[in-house]
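Pasted below: protein.cif, mmCIF, C-alpha atoms and all ligand atoms.
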data_coords
#
loop_
_atom_site.label_atom_id
_atom_site.label_comp_id
_atom_site.auth_asym_id
_atom_site.auth_seq_id
_atom_site.Cartn_x
_atom_site.Cartn_y
_atom_site.Cartn_z
CA MET O 5 0.00 0.00 0.00
CA SER O 6 1.50 3.33 -0.95
CA ASN O 7 1.22 6.65 0.74
CA SER O 8 -0.79 7.89 -2.21
CA ARG O 9 -1.63 11.24 -0.69
CA GLY O 10 2.05 12.05 -0.43
CA ALA O 11 2.44 14.05 2.77
CA ARG O 12 4.95 12.89 5.38
CA ARG O 13 3.11 12.58 8.69
CA ARG O 14 4.16 11.94 12.28
CA ILE O 15 2.87 8.65 13.61
CA LEU O 16 3.22 7.71 17.27
CA ILE O 17 2.93 3.96 17.82
CA GLY O 18 2.35 2.95 21.44
CA VAL O 19 3.00 -0.71 22.17
CA GLY O 20 1.32 -2.46 25.10
CA GLY O 21 2.58 -5.54 26.93
CA GLY O 22 0.91 -8.40 25.09
CA ILE O 23 2.12 -11.32 23.03
CA ALA O 24 0.76 -9.57 19.88
CA ALA O 25 3.46 -6.86 20.30
CA TYR O 26 5.58 -8.64 17.68
CA LYS O 27 2.87 -8.14 15.03
CA VAL O 28 3.10 -4.37 15.50
CA CYS O 29 6.54 -4.45 13.89
CA SER O 30 4.73 -4.85 10.53
CA VAL O 31 2.58 -1.80 11.27
CA ILE O 32 5.71 0.26 12.05
CA ARG O 33 7.22 -1.01 8.82
CA HIS O 34 4.12 -0.08 6.83
CA TYR O 35 4.31 3.55 7.93
CA THR O 36 8.08 3.99 7.55
CA GLU O 37 7.93 2.47 4.07
CA ALA O 38 5.11 4.85 3.16
CA GLY O 39 7.52 7.68 4.02
CA HIS O 40 6.11 8.70 7.41
CA GLU O 41 8.06 9.63 10.55
CA VAL O 42 7.36 6.94 13.15
CA ARG O 43 8.12 7.16 16.89
CA VAL O 44 7.60 4.07 19.00
CA VAL O 45 6.70 4.31 22.69
CA PRO O 46 6.43 0.89 24.35
CA THR O 47 5.29 0.23 27.89
CA ARG O 48 7.74 -1.42 30.27
CA SER O 49 5.97 -4.75 29.86
CA ALA O 50 5.95 -4.46 26.04
CA LEU O 51 9.75 -4.65 26.20
CA ARG O 52 9.44 -8.09 27.79
CA PHE O 53 7.94 -9.28 24.49
CA VAL O 54 9.93 -7.28 21.91
CA GLY O 55 13.28 -5.64 22.64
CA ALA O 56 13.90 -1.89 22.35
CA ALA O 57 16.54 -2.57 19.68
CA THR O 58 13.85 -3.94 17.32
CA PHE O 59 11.66 -0.83 17.69
CA GLU O 60 14.70 1.46 17.36
CA ALA O 61 15.91 -0.28 14.22
CA LEU O 62 12.45 -0.25 12.61
CA SER O 63 11.64 3.37 13.45
CA GLY O 64 15.14 4.82 13.23
CA HIS O 65 14.65 6.59 16.58
CA PRO O 66 15.61 5.85 20.18
CA VAL O 67 12.93 4.30 22.31
CA SER O 68 12.11 4.97 25.95
CA THR O 69 9.32 4.02 28.32
CA GLU O 70 9.71 6.59 31.11
CA VAL O 71 8.64 10.19 31.56
CA PHE O 72 11.98 10.86 33.32
CA ASP O 73 14.13 9.79 30.34
CA ASP O 74 15.26 12.72 28.13
CA VAL O 75 13.68 15.24 30.51
CA ASP O 76 15.44 18.11 28.74
CA GLU O 77 13.45 17.30 25.57
CA VAL O 78 10.14 17.08 27.49
CA ALA O 79 9.30 14.01 25.41
CA HIS O 80 6.07 13.23 27.27
CA VAL O 81 4.58 16.51 26.08
CA ARG O 82 6.19 16.84 22.66
CA LEU O 83 5.59 13.32 21.29
CA GLY O 84 1.83 13.56 21.79
CA GLN O 85 1.50 17.20 20.74
CA GLU O 86 3.38 16.72 17.50
CA ALA O 87 1.70 13.49 16.37
CA ASP O 88 -0.72 13.41 13.42
CA LEU O 89 -1.93 9.96 14.43
CA VAL O 90 -1.49 7.75 17.50
CA ILE O 91 -1.92 3.97 17.22
CA ILE O 92 -1.92 1.87 20.41
CA ALA O 93 -1.36 -1.80 19.60
CA PRO O 94 -1.74 -4.16 21.25
CA ALA O 95 -4.02 -2.19 23.57
CA THR O 96 -4.13 -4.44 26.64
CA ALA O 97 -6.94 -4.33 29.20
CA ASP O 98 -4.57 -2.65 31.67
CA LEU O 99 -3.35 -0.04 29.19
CA MET O 100 -6.91 0.89 28.15
CA SER O 101 -7.90 1.12 31.79
CA ARG O 102 -5.04 3.52 32.51
CA ALA O 103 -5.80 5.56 29.38
CA ALA O 104 -9.52 5.75 30.19
CA ALA O 105 -8.72 6.98 33.70
CA GLY O 106 -6.36 9.64 32.37
CA ARG O 107 -3.32 8.23 34.18
CA ALA O 108 0.13 9.45 33.19
CA ASP O 109 2.37 6.94 34.91
CA ASP O 110 4.59 6.16 31.94
CA LEU O 111 5.69 7.91 28.75
CA LEU O 112 2.92 6.33 26.67
CA THR O 113 -0.06 7.31 28.85
CA ALA O 114 1.44 10.77 29.41
CA SER O 115 1.74 11.19 25.62
CA LEU O 116 -1.90 10.17 25.19
CA LEU O 117 -2.97 13.10 27.37
CA THR O 118 -1.16 15.61 25.17
CA ALA O 119 -2.23 14.15 21.79
CA ARG O 120 -4.90 16.14 19.95
CA CYS O 121 -4.85 14.06 16.75
CA PRO O 122 -6.92 10.92 15.97
CA VAL O 123 -6.08 8.07 18.39
CA LEU O 124 -6.63 4.44 17.41
CA PHE O 125 -6.67 1.72 20.08
CA VAL O 126 -6.23 -1.82 18.77
CA PRO O 127 -7.24 -4.18 21.57
CA ALA O 128 -5.79 -7.68 21.91
CA MET O 129 -6.50 -9.90 24.92
CA HIS O 130 -8.26 -13.07 25.97
CA THR O 131 -11.98 -13.20 25.22
CA GLU O 132 -12.95 -13.15 28.90
CA MET O 133 -10.92 -9.98 29.47
CA TRP O 134 -12.40 -8.34 26.35
CA GLU O 135 -15.94 -9.20 27.40
CA HIS O 136 -15.53 -8.16 31.04
CA PRO O 137 -17.81 -5.22 31.96
CA ALA O 138 -14.79 -3.27 33.26
CA THR O 139 -13.08 -3.48 29.86
CA ALA O 140 -16.35 -2.68 28.04
CA ALA O 141 -16.77 0.41 30.23
CA ASN O 142 -13.20 1.54 29.50
CA VAL O 143 -13.77 1.10 25.75
CA GLU O 144 -16.95 3.15 26.05
CA THR O 145 -15.07 5.89 27.94
CA LEU O 146 -12.24 5.99 25.39
CA ARG O 147 -14.78 6.31 22.56
CA ARG O 148 -16.59 9.08 24.45
CA HIS O 149 -13.25 10.86 24.80
CA GLY O 150 -12.95 10.81 21.00
CA ALA O 151 -10.72 7.78 20.40
CA THR O 152 -11.40 5.05 17.86
CA VAL O 153 -11.30 1.58 19.41
CA MET O 154 -11.06 -1.24 16.87
CA THR O 155 -13.19 -4.34 17.16
CA PRO O 156 -10.75 -7.23 17.68
CA ALA O 157 -10.66 -10.15 15.30
CA SER O 158 -11.88 -13.60 16.29
CA GLY O 159 -9.74 -16.70 16.09
CA ARG O 160 -6.91 -18.54 17.74
CA LEU O 161 -5.56 -16.79 20.86
CA THR O 162 -2.36 -17.53 22.77
CA GLY O 163 -2.49 -21.10 24.00
CA THR O 164 -5.26 -23.42 22.92
CA ASP O 165 -8.32 -21.19 23.27
CA SER O 166 -9.95 -19.16 20.52
CA GLY O 167 -12.58 -16.41 20.38
CA ALA O 168 -12.86 -12.62 20.07
CA GLY O 169 -9.73 -10.78 21.17
CA ARG O 170 -7.11 -11.43 18.50
CA LEU O 171 -5.14 -8.47 17.21
CA PRO O 172 -6.48 -7.68 13.71
CA ASP O 173 -4.02 -8.21 10.83
CA PRO O 174 -1.35 -5.48 10.62
CA GLN O 175 -2.73 -4.59 7.17
CA GLU O 176 -6.16 -3.92 8.70
CA ILE O 177 -4.64 -1.72 11.41
CA ALA O 178 -2.63 0.21 8.83
CA LEU O 179 -5.69 0.73 6.59
CA LEU O 180 -7.77 2.10 9.44
CA GLY O 181 -4.87 4.31 10.50
CA GLU O 182 -4.66 5.65 6.94
CA LEU O 183 -8.36 6.47 7.07
CA LEU O 184 -7.98 8.41 10.32
CA LEU O 185 -5.05 10.33 8.84
CA GLU O 186 -7.07 11.15 5.74
CA GLN O 187 -10.20 12.29 7.55
CA ALA O 188 -8.18 13.74 10.50
CA ASP O 189 -10.97 12.69 12.81
CA ALA O 190 -12.19 9.72 14.86
CA LEU O 191 -14.43 7.09 13.34
CA PRO O 192 -17.92 7.39 14.90
CA HIS O 193 -19.25 4.23 16.53
CA ASP O 194 -22.70 5.02 15.16
CA LEU O 195 -23.81 1.79 13.44
CA SER O 196 -23.86 -0.54 16.45
CA GLY O 197 -26.86 -2.84 16.45
CA LEU O 198 -27.40 -2.46 12.68
CA ARG O 199 -27.07 -5.52 10.42
CA PHE O 200 -25.40 -5.08 7.04
CA VAL O 201 -25.04 -7.49 4.14
CA ILE O 202 -22.54 -6.35 1.54
CA SER O 203 -21.59 -8.05 -1.74
CA ALA O 204 -18.11 -7.60 -3.21
CA GLY O 205 -15.86 -8.85 -5.99
CA GLY O 206 -16.71 -10.35 -9.35
CA THR O 207 -18.79 -13.38 -10.29
CA ARG O 208 -17.34 -16.27 -12.28
CA GLU O 209 -19.63 -17.90 -14.80
CA SER O 210 -18.38 -21.36 -15.72
CA ILE O 211 -17.87 -22.31 -19.35
CA ASP O 212 -16.42 -25.77 -18.68
CA PRO O 213 -14.59 -27.38 -15.72
CA VAL O 214 -11.49 -25.19 -16.25
CA ARG O 215 -12.75 -21.92 -17.77
CA PHE O 216 -15.07 -19.13 -16.74
CA LEU O 217 -16.29 -15.67 -17.78
CA GLY O 218 -15.14 -13.16 -15.19
CA ASN O 219 -14.34 -9.48 -14.75
CA HIS O 220 -11.66 -7.16 -13.37
CA SER O 221 -13.34 -6.42 -10.02
CA SER O 222 -10.80 -6.55 -7.17
CA GLY O 223 -13.42 -6.48 -4.41
CA LYS O 224 -11.55 -3.64 -2.71
CA GLN O 225 -14.49 -1.21 -2.49
CA GLY O 226 -16.88 -3.79 -1.03
CA PHE O 227 -14.24 -5.02 1.42
CA ALA O 228 -13.51 -1.43 2.46
CA LEU O 229 -17.23 -0.83 3.10
CA ALA O 230 -17.42 -3.98 5.23
CA ARG O 231 -14.28 -3.00 7.12
CA VAL O 232 -15.49 0.52 7.93
CA ALA O 233 -19.09 -0.53 8.72
CA ALA O 234 -17.81 -3.17 11.18
CA GLN O 235 -15.48 -0.68 12.85
CA ARG O 236 -18.41 1.73 13.18
CA GLY O 237 -20.18 -1.00 15.14
CA ALA O 238 -22.34 -2.78 12.53
CA ARG O 239 -22.76 -6.58 12.35
CA VAL O 240 -21.55 -7.23 8.83
CA THR O 241 -21.81 -10.21 6.49
CA LEU O 242 -19.66 -9.88 3.39
CA VAL O 243 -20.73 -12.03 0.44
CA ALA O 244 -17.60 -12.19 -1.70
CA GLY O 245 -17.10 -13.42 -5.24
CA SER O 246 -13.66 -13.44 -6.87
CA THR O 247 -11.27 -10.86 -5.44
CA SER O 248 -7.64 -9.97 -5.97
CA ASP O 249 -6.51 -10.60 -2.44
CA PRO O 250 -7.89 -7.80 -0.29
CA GLY O 251 -7.27 -8.96 3.32
CA ASP O 252 -10.23 -10.20 5.35
CA PRO O 253 -11.71 -7.31 7.37
CA ALA O 254 -11.63 -7.82 11.16
CA GLY O 255 -14.92 -8.64 12.85
CA VAL O 256 -16.78 -9.42 9.58
CA ASP O 257 -18.44 -12.74 8.61
CA ILE O 258 -17.35 -13.71 5.12
CA VAL O 259 -19.34 -15.99 2.81
CA ARG O 260 -17.69 -17.00 -0.48
CA VAL O 261 -19.71 -17.42 -3.68
CA GLY O 262 -18.89 -18.30 -7.29
CA ASP O 263 -21.45 -17.28 -9.89
CA ALA O 264 -24.27 -14.73 -10.07
CA ARG O 265 -27.01 -17.17 -9.16
CA GLU O 266 -25.19 -18.21 -5.98
CA LEU O 267 -24.70 -14.55 -5.13
CA ALA O 268 -28.40 -13.87 -5.78
CA ASP O 269 -29.41 -16.71 -3.43
CA GLU O 270 -27.17 -15.52 -0.59
CA MET O 271 -28.17 -11.87 -0.92
CA THR O 272 -31.91 -12.63 -1.11
CA LYS O 273 -31.72 -14.91 1.92
CA ARG O 274 -29.70 -12.46 4.03
CA ALA O 275 -31.42 -9.23 2.92
CA ALA O 276 -34.59 -10.21 4.78
CA GLU O 277 -32.64 -10.08 8.07
CA SER O 278 -30.62 -6.95 7.37
CA ASP O 279 -31.11 -3.25 7.97
CA VAL O 280 -28.81 -2.28 5.09
CA VAL O 281 -28.03 -4.14 1.85
CA ILE O 282 -25.16 -2.96 -0.35
CA MET O 283 -24.53 -4.43 -3.80
CA ALA O 284 -20.90 -3.55 -4.52
CA ALA O 285 -20.24 -6.76 -6.48
CA ALA O 286 -19.54 -6.69 -10.20
CA VAL O 287 -22.16 -9.19 -11.35
CA ALA O 288 -21.81 -10.79 -14.79
CA ASP O 289 -24.85 -9.80 -16.82
CA PHE O 290 -24.56 -12.97 -18.92
CA ARG O 291 -23.55 -16.59 -18.43
CA PRO O 292 -23.01 -19.46 -20.84
CA LEU O 293 -26.36 -21.10 -21.56
CA ALA O 294 -24.81 -24.51 -20.97
CA VAL O 295 -21.75 -25.50 -18.94
CA ALA O 296 -19.75 -28.21 -20.73
CA ASP O 297 -19.16 -31.32 -18.59
CA ALA O 298 -15.69 -31.84 -20.05
CA LYS O 299 -12.97 -29.38 -21.07
CA ILE O 300 -13.80 -27.90 -24.49
CA LYS O 301 -11.13 -28.90 -27.00
CA LYS O 302 -9.69 -26.56 -29.63
CA GLY O 303 -10.97 -28.65 -32.55
CA ALA O 304 -9.87 -28.38 -36.16
CA ASP O 305 -12.40 -25.67 -37.10
CA GLY O 306 -11.45 -23.20 -34.35
CA PRO O 307 -13.57 -22.29 -31.33
CA ALA O 308 -17.26 -23.13 -31.22
CA PRO O 309 -19.41 -20.10 -30.35
CA ILE O 310 -20.54 -19.89 -26.72
CA GLU O 311 -24.21 -19.08 -26.42
CA LEU O 312 -25.02 -16.73 -23.55
CA THR O 313 -28.11 -16.16 -21.47
CA THR O 314 -28.99 -13.29 -19.11
CA ASN O 315 -28.30 -13.49 -15.37
CA PRO O 316 -30.82 -12.22 -12.81
CA ASP O 317 -30.50 -8.53 -11.90
CA ILE O 318 -29.90 -9.05 -8.18
CA LEU O 319 -30.21 -5.41 -7.14
CA ARG O 320 -33.47 -4.92 -9.03
CA GLY O 321 -34.71 -8.23 -7.59
CA LEU O 322 -34.00 -7.05 -4.03
CA VAL O 323 -35.93 -3.81 -4.59
CA GLN O 324 -38.84 -5.82 -6.04
CA ALA O 325 -38.73 -8.19 -3.05
CA ARG O 326 -38.96 -5.17 -0.75
CA ASP O 327 -41.89 -3.79 -2.78
CA ALA O 328 -43.58 -7.20 -2.45
CA GLY O 329 -43.08 -7.21 1.34
CA ASP O 330 -40.59 -10.12 1.37
CA ILE O 331 -37.92 -7.76 2.73
CA PRO O 332 -38.90 -5.19 5.40
CA ALA O 333 -39.87 -1.80 3.93
CA SER O 334 -37.34 -0.13 6.26
CA THR O 335 -34.37 -1.95 4.68
CA VAL O 336 -31.99 0.48 2.98
CA ILE O 337 -30.78 -0.77 -0.43
CA VAL O 338 -27.62 0.65 -2.00
CA GLY O 339 -26.29 -0.03 -5.50
CA PHE O 340 -23.12 0.78 -7.38
CA ALA O 341 -22.73 1.88 -10.98
CA ALA O 342 -19.47 1.60 -12.85
CA GLU O 343 -19.82 3.83 -15.91
CA THR O 344 -17.59 4.94 -18.76
CA GLY O 345 -19.89 7.45 -20.45
CA ASP O 346 -20.53 7.28 -24.21
CA GLU O 347 -22.13 9.24 -27.06
CA THR O 348 -25.56 9.04 -25.37
CA GLY O 349 -24.44 10.68 -22.13
CA GLY O 350 -21.76 11.20 -19.49
CA VAL O 351 -21.02 9.08 -16.42
CA LEU O 352 -23.47 11.03 -14.25
CA ASP O 353 -26.29 10.87 -16.86
CA HIS O 354 -25.96 7.10 -16.98
CA GLY O 355 -25.92 7.02 -13.17
CA ARG O 356 -29.20 8.97 -12.93
CA THR O 357 -30.88 6.65 -15.41
CA LYS O 358 -29.60 3.58 -13.54
CA LEU O 359 -30.85 4.86 -10.18
CA THR O 360 -34.36 5.12 -11.61
CA ARG O 361 -34.13 1.76 -13.38
CA LYS O 362 -32.88 -0.12 -10.30
CA GLY O 363 -35.16 1.66 -7.82
CA CYS O 364 -32.60 1.54 -4.96
CA ASP O 365 -32.28 4.23 -2.26
CA LEU O 366 -28.70 5.23 -3.01
CA LEU O 367 -26.45 4.70 -6.02
CA VAL O 368 -22.69 5.16 -5.85
CA VAL O 369 -21.50 6.16 -9.32
CA ASN O 370 -17.86 5.53 -10.27
CA ALA O 371 -16.11 6.45 -13.50
CA VAL O 372 -14.28 3.38 -14.83
CA GLY O 373 -11.90 2.70 -17.73
CA ASP O 374 -8.39 4.15 -18.26
CA GLY O 375 -7.23 2.39 -15.06
CA LYS O 376 -9.88 4.16 -12.93
CA ALA O 377 -11.67 2.33 -10.07
CA PHE O 378 -10.94 -1.33 -10.90
CA GLY O 379 -8.11 -2.62 -8.69
CA THR O 380 -6.90 0.86 -7.69
CA GLU O 381 -6.46 2.10 -4.12
CA ASP O 382 -8.26 5.38 -4.78
CA ASN O 383 -11.72 6.16 -6.03
CA ALA O 384 -13.97 9.14 -6.82
CA GLY O 385 -17.55 9.56 -7.94
CA TRP O 386 -21.02 10.67 -6.94
CA LEU O 387 -23.64 9.56 -4.49
CA LEU O 388 -27.14 9.83 -5.96
CA SER O 389 -30.17 9.36 -3.73
CA ALA O 390 -33.73 8.40 -4.68
CA GLN O 391 -34.81 11.69 -3.07
CA GLY O 392 -32.82 13.54 -5.74
CA SER O 393 -29.69 14.61 -3.82
CA GLU O 394 -26.38 14.40 -5.68
CA THR O 395 -23.18 14.49 -3.62
CA ALA O 396 -19.71 14.49 -5.15
CA LEU O 397 -17.29 11.98 -3.64
CA PRO O 398 -13.88 13.57 -4.16
CA LEU O 399 -10.81 11.45 -4.92
CA GLY O 400 -9.68 9.55 -1.84
CA SER O 401 -8.95 6.03 -0.64
CA LYS O 402 -11.70 3.43 -1.00
CA THR O 403 -11.75 3.38 2.80
CA LEU O 404 -12.46 7.12 2.97
CA MET O 405 -15.10 6.79 0.26
CA SER O 406 -16.71 3.99 2.30
CA SER O 407 -16.85 6.22 5.34
CA ARG O 408 -18.64 8.94 3.34
CA ILE O 409 -21.08 6.46 1.81
CA LEU O 410 -21.88 5.10 5.28
CA ASP O 411 -22.50 8.64 6.61
CA GLU O 412 -25.25 8.97 3.99
CA VAL O 413 -26.56 5.42 4.54
CA ARG O 414 -26.95 6.11 8.23
CA THR O 415 -29.24 9.07 7.56
CA LEU O 416 -31.55 6.73 5.59
CA VAL O 417 -31.99 4.13 8.35
CA PRO O 418 -35.40 4.87 9.90
CA ASP O 419 -35.30 6.36 13.40
CA ASN O 420 -36.77 3.29 15.08
CA ARG O 421 -33.92 1.14 13.63
CA GLN O 422 -31.17 3.60 14.60
CA PRO O 423 -28.99 2.28 17.39
N1 LIG F 1 -26.16 -5.75 -10.49
C1 LIG F 1 -26.91 -6.81 -10.03
N2 LIG F 1 -27.18 -7.86 -10.86
C2 LIG F 1 -26.73 -7.85 -12.14
C3 LIG F 1 -25.96 -6.77 -12.61
C4 LIG F 1 -25.69 -5.73 -11.75
O1 LIG F 1 -27.33 -6.79 -8.88
N3 LIG F 1 -27.01 -8.88 -12.92
C5 LIG F 1 -25.91 -4.63 -9.55
C6 LIG F 1 -24.46 -4.32 -9.27
O2 LIG F 1 -23.98 -5.00 -8.12
C7 LIG F 1 -24.51 -2.82 -9.02
C8 LIG F 1 -25.62 -2.34 -9.92
O3 LIG F 1 -26.44 -3.49 -10.17
O4 LIG F 1 -24.85 -2.51 -7.69
C9 LIG F 1 -25.21 -1.76 -11.23
O5 LIG F 1 -24.33 -2.63 -11.90
P1 LIG F 1 -23.86 -2.30 -13.38
O6 LIG F 1 -23.00 -3.42 -13.87
O7 LIG F 1 -23.29 -0.91 -13.41
O8 LIG F 1 -25.27 -2.23 -14.11
P2 LIG F 1 -26.05 -3.16 -15.07
O9 LIG F 1 -27.37 -3.47 -14.47
O10 LIG F 1 -25.22 -4.33 -15.47
O11 LIG F 1 -26.33 -2.19 -16.29
P3 LIG F 1 -25.49 -1.89 -17.62
O12 LIG F 1 -24.66 -3.10 -17.91
O13 LIG F 1 -26.54 -1.64 -18.62
O14 LIG F 1 -24.68 -0.65 -17.33
#

Could you write out this structure as structure tokens?
Ligand code: CTP
Amino acid sequence: MSNSRGARRRILIGVGGGIAAYKVCSVIRHYTEAGHEVRVVPTRSALRFVGAATFEALSGHPVSTEVFDDVDEVAHVRLGQEADLVIIAPATADLMSRAAAGRADDLLTASLLTARCPVLFVPAMHTEMWEHPATAANVETLRRHGATVMTPASGRLTGTDSGAGRLPDPQEIALLGELLLEQADALPHDLSGLRFVISAGGTRESIDPVRFLGNHSSGKQGFALARVAAQRGARVTLVAGSTSDPGDPAGVDIVRVGDARELADEMTKRAAESDVVIMAAAVADFRPLAVADAKIKKGADGPAPIELTTNPDILRGLVQARDAGDIPASTVIVGFAAETGDETGGVLDHGRTKLTRKGCDLLVVNAVGDGKAFGTEDNAGWLLSAQGSETALPLGSKTLMSSRILDEVRTLVPDNRQP
């Protein structure tokens, strides 16, 4: 991932005393390689897991844990004040408790009190500790104080147990950090209690056992939406077709599908139990009429033509199901439109027509072609609503675009469904 927006920023990475401290080395690496200035402030117990020399070598700066080191430089005030972003990982139960109480008994907690930039806590601990009411209350307090607290991933923990409390992948932490840098603000925790189903990636329509018709969708935009919605508190199911390796978002249930009809089945089934449905997948409009049982051979006369038939329009089908009462009327339905523009109209004209044709509540319109949108890190476009509003989405990361789309989505969720 490149630092596509160019500016060199100051990142303070606070490391807590947990076994996951070693994974934070990749996060430090991510930011130094993107050209940022990184300062690492471990707690005393963090240094029992990873030595100071590792953090010093990775960041290119000396490391200390105490307020009374380098007193002449007043590090406990300066490091926090000068930071553009603070990431605390792993945020242990003890560290979050001290931060929530406003303690300043080491260099890291003292720096947190002087930081005025976005602060991202990345918790990692055993499930019981994460679920304890004392930890939940500290998380709540930190959020109220303006910090972003990531939802931990689920999976194997230290030892033999598994459950919620794993440190999310370093890539996930870095992506969320990038978003906070870009929007220079905390991520609101405003979608808790809402259920989202989001489709992403391309469908693959089989021709024979080894070949398929596919498309260039990377799945990045749909994955970014799932990632940001989950971190804003939503319960998210991501129905993913083929993708070019975007990492699995933390705290999201992922269901894999192959072709358009499988995607249609999953979306229809799950939409009935969701507050928000987002169709970000690139669905093949056509599929081979028949799938050959055996690999099609070249033959002496060249390729035989492949006859195609039309796939269901999933988005339109979901809107019709809502009209028919099979999906609650309060469900918000969002579509995407990838447009190139042609002699009959520009990208936005085609978007307006598509919004009417699909009947969804919101349509995100992207310009594609010439390397735009497909597989790129950045995106731009418009957000068209059924009520007639048209909002420009300026060029930014797909994560930032997701955050803006979700701001608008949230306004459409009826009051009685709002968390
Ligand atoms: N879509 C869908 N089912 C299809 C095709 C598209 O649900 N069979 C959804 C996409 O996920 C997207 C929206 O419809 O949210 C628009 O997709 P797009 O490919 O831009 O539109 P099409 O309906 O295929 O229209 P056209 O090819 O004429 O532009």

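Counting from CA of Glu270 in chain O, the distance to CA of Asp419 in chain O is 27.2 Å.
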
Original post:
From the list O:Pro307, O:Thr415, O:Thr360, O:Val287, which residue is nearest ligand LIG 1 (chain F) when using only C-alpha atoms and all ligand atoms?
Top reply: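 Once distances to ligand LIG 1 (chain F) are computed over only C-alpha atoms and all ligand atoms, the minimum belongs to O:Val287.
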
Original post:
Interatomic distance between CA of Thr314 in chain O and CA of Gly363 in chain O?
Top reply: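 Straight-line distance from CA of Thr314 in chain O to CA of Gly363 in chain O works out to 19.7 Å.
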
**OP:** Dump the neighbourhood of ligand LIG 1 (chain F) as a VMD selection string: all residues within 8 Å, distances computed on only C-alpha atoms and all ligand atoms.
**Re:** chain O and resid 203 264 268 282 to 290 314 to 321 338 to 343 354 358 362 367

Counting only C-alpha atoms, give me one row per residue of range 165-230 of chain O with an atom at most 12 Å from an atom of range 244-259 of chain O, showing the shortest contact pair and its distance in Å to one decimal, sorted by chain then residue number, as JSON lines.
{"residue": "O:Gly167", "atom": "CA", "partner": "O:Gly255", "partner_atom": "CA", "distance": 11.1}
{"residue": "O:Ala168", "atom": "CA", "partner": "O:Gly255", "partner_atom": "CA", "distance": 8.5}
{"residue": "O:Gly169", "atom": "CA", "partner": "O:Gly255", "partner_atom": "CA", "distance": 10.0}
{"residue": "O:Arg170", "atom": "CA", "partner": "O:Ala254", "partner_atom": "CA", "distance": 9.3}
{"residue": "O:Leu171", "atom": "CA", "partner": "O:Ala254", "partner_atom": "CA", "distance": 8.9}
{"residue": "O:Pro172", "atom": "CA", "partner": "O:Ala254", "partner_atom": "CA", "distance": 5.7}
{"residue": "O:Asp173", "atom": "CA", "partner": "O:Ala254", "partner_atom": "CA", "distance": 7.6}
{"residue": "O:Pro174", "atom": "CA", "partner": "O:Gly251", "partner_atom": "CA", "distance": 10.0}
{"residue": "O:Gln175", "atom": "CA", "partner": "O:Gly251", "partner_atom": "CA", "distance": 7.4}
{"residue": "O:Glu176", "atom": "CA", "partner": "O:Pro253", "partner_atom": "CA", "distance": 6.6}
{"residue": "O:Ile177", "atom": "CA", "partner": "O:Ala254", "partner_atom": "CA", "distance": 9.3}
{"residue": "O:Ala178", "atom": "CA", "partner": "O:Gly251", "partner_atom": "CA", "distance": 11.7}
{"residue": "O:Leu179", "atom": "CA", "partner": "O:Pro253", "partner_atom": "CA", "distance": 10.1}
{"residue": "O:Leu180", "atom": "CA", "partner": "O:Pro253", "partner_atom": "CA", "distance": 10.4}
{"residue": "O:Arg199", "atom": "CA", "partner": "O:Val256", "partner_atom": "CA", "distance": 11.0}
{"residue": "O:Phe200", "atom": "CA", "partner": "O:Val256", "partner_atom": "CA", "distance": 10.0}
{"residue": "O:Val201", "atom": "CA", "partner": "O:Asp257", "partner_atom": "CA", "distance": 9.5}
{"residue": "O:Ile202", "atom": "CA", "partner": "O:Ala244", "partner_atom": "CA", "distance": 8.3}
{"residue": "O:Ser203", "atom": "CA", "partner": "O:Ala244", "partner_atom": "CA", "distance": 5.7}
{"residue": "O:Ala204", "atom": "CA", "partner": "O:Ala244", "partner_atom": "CA", "distance": 4.9}
{"residue": "O:Gly205", "atom": "CA", "partner": "O:Gly245", "partner_atom": "CA", "distance": 4.8}
{"residue": "O:Gly206", "atom": "CA", "partner": "O:Ser246", "partner_atom": "CA", "distance": 5.0}
{"residue": "O:Thr207", "atom": "CA", "partner": "O:Gly245", "partner_atom": "CA", "distance": 5.3}
{"residue": "O:Arg208", "atom": "CA", "partner": "O:Ser246", "partner_atom": "CA", "distance": 7.1}
{"residue": "O:Glu209", "atom": "CA", "partner": "O:Gly245", "partner_atom": "CA", "distance": 10.9}
{"residue": "O:Phe216", "atom": "CA", "partner": "O:Ser246", "partner_atom": "CA", "distance": 11.5}
{"residue": "O:Leu217", "atom": "CA", "partner": "O:Ser246", "partner_atom": "CA", "distance": 11.4}
{"residue": "O:Gly218", "atom": "CA", "partner": "O:Ser246", "partner_atom": "CA", "distance": 8.5}
{"residue": "O:Asn219", "atom": "CA", "partner": "O:Ser246", "partner_atom": "CA", "distance": 8.8}
{"residue": "O:His220", "atom": "CA", "partner": "O:Thr247", "partner_atom": "CA", "distance": 8.8}
{"residue": "O:Ser221", "atom": "CA", "partner": "O:Thr247", "partner_atom": "CA", "distance": 6.7}
{"residue": "O:Ser222", "atom": "CA", "partner": "O:Thr247", "partner_atom": "CA", "distance": 4.7}
{"residue": "O:Gly223", "atom": "CA", "partner": "O:Thr247", "partner_atom": "CA", "distance": 5.0}
{"residue": "O:Lys224", "atom": "CA", "partner": "O:Pro250", "partner_atom": "CA", "distance": 6.0}
{"residue": "O:Gln225", "atom": "CA", "partner": "O:Pro250", "partner_atom": "CA", "distance": 9.6}
{"residue": "O:Gly226", "atom": "CA", "partner": "O:Ala244", "partner_atom": "CA", "distance": 8.5}
{"residue": "O:Phe227", "atom": "CA", "partner": "O:Pro253", "partner_atom": "CA", "distance": 6.9}
{"residue": "O:Ala228", "atom": "CA", "partner": "O:Pro253", "partner_atom": "CA", "distance": 7.9}
{"residue": "O:Leu229", "atom": "CA", "partner": "O:Pro253", "partner_atom": "CA", "distance": 9.5}
{"residue": "O:Ala230", "atom": "CA", "partner": "O:Pro253", "partner_atom": "CA", "distance": 6.9}
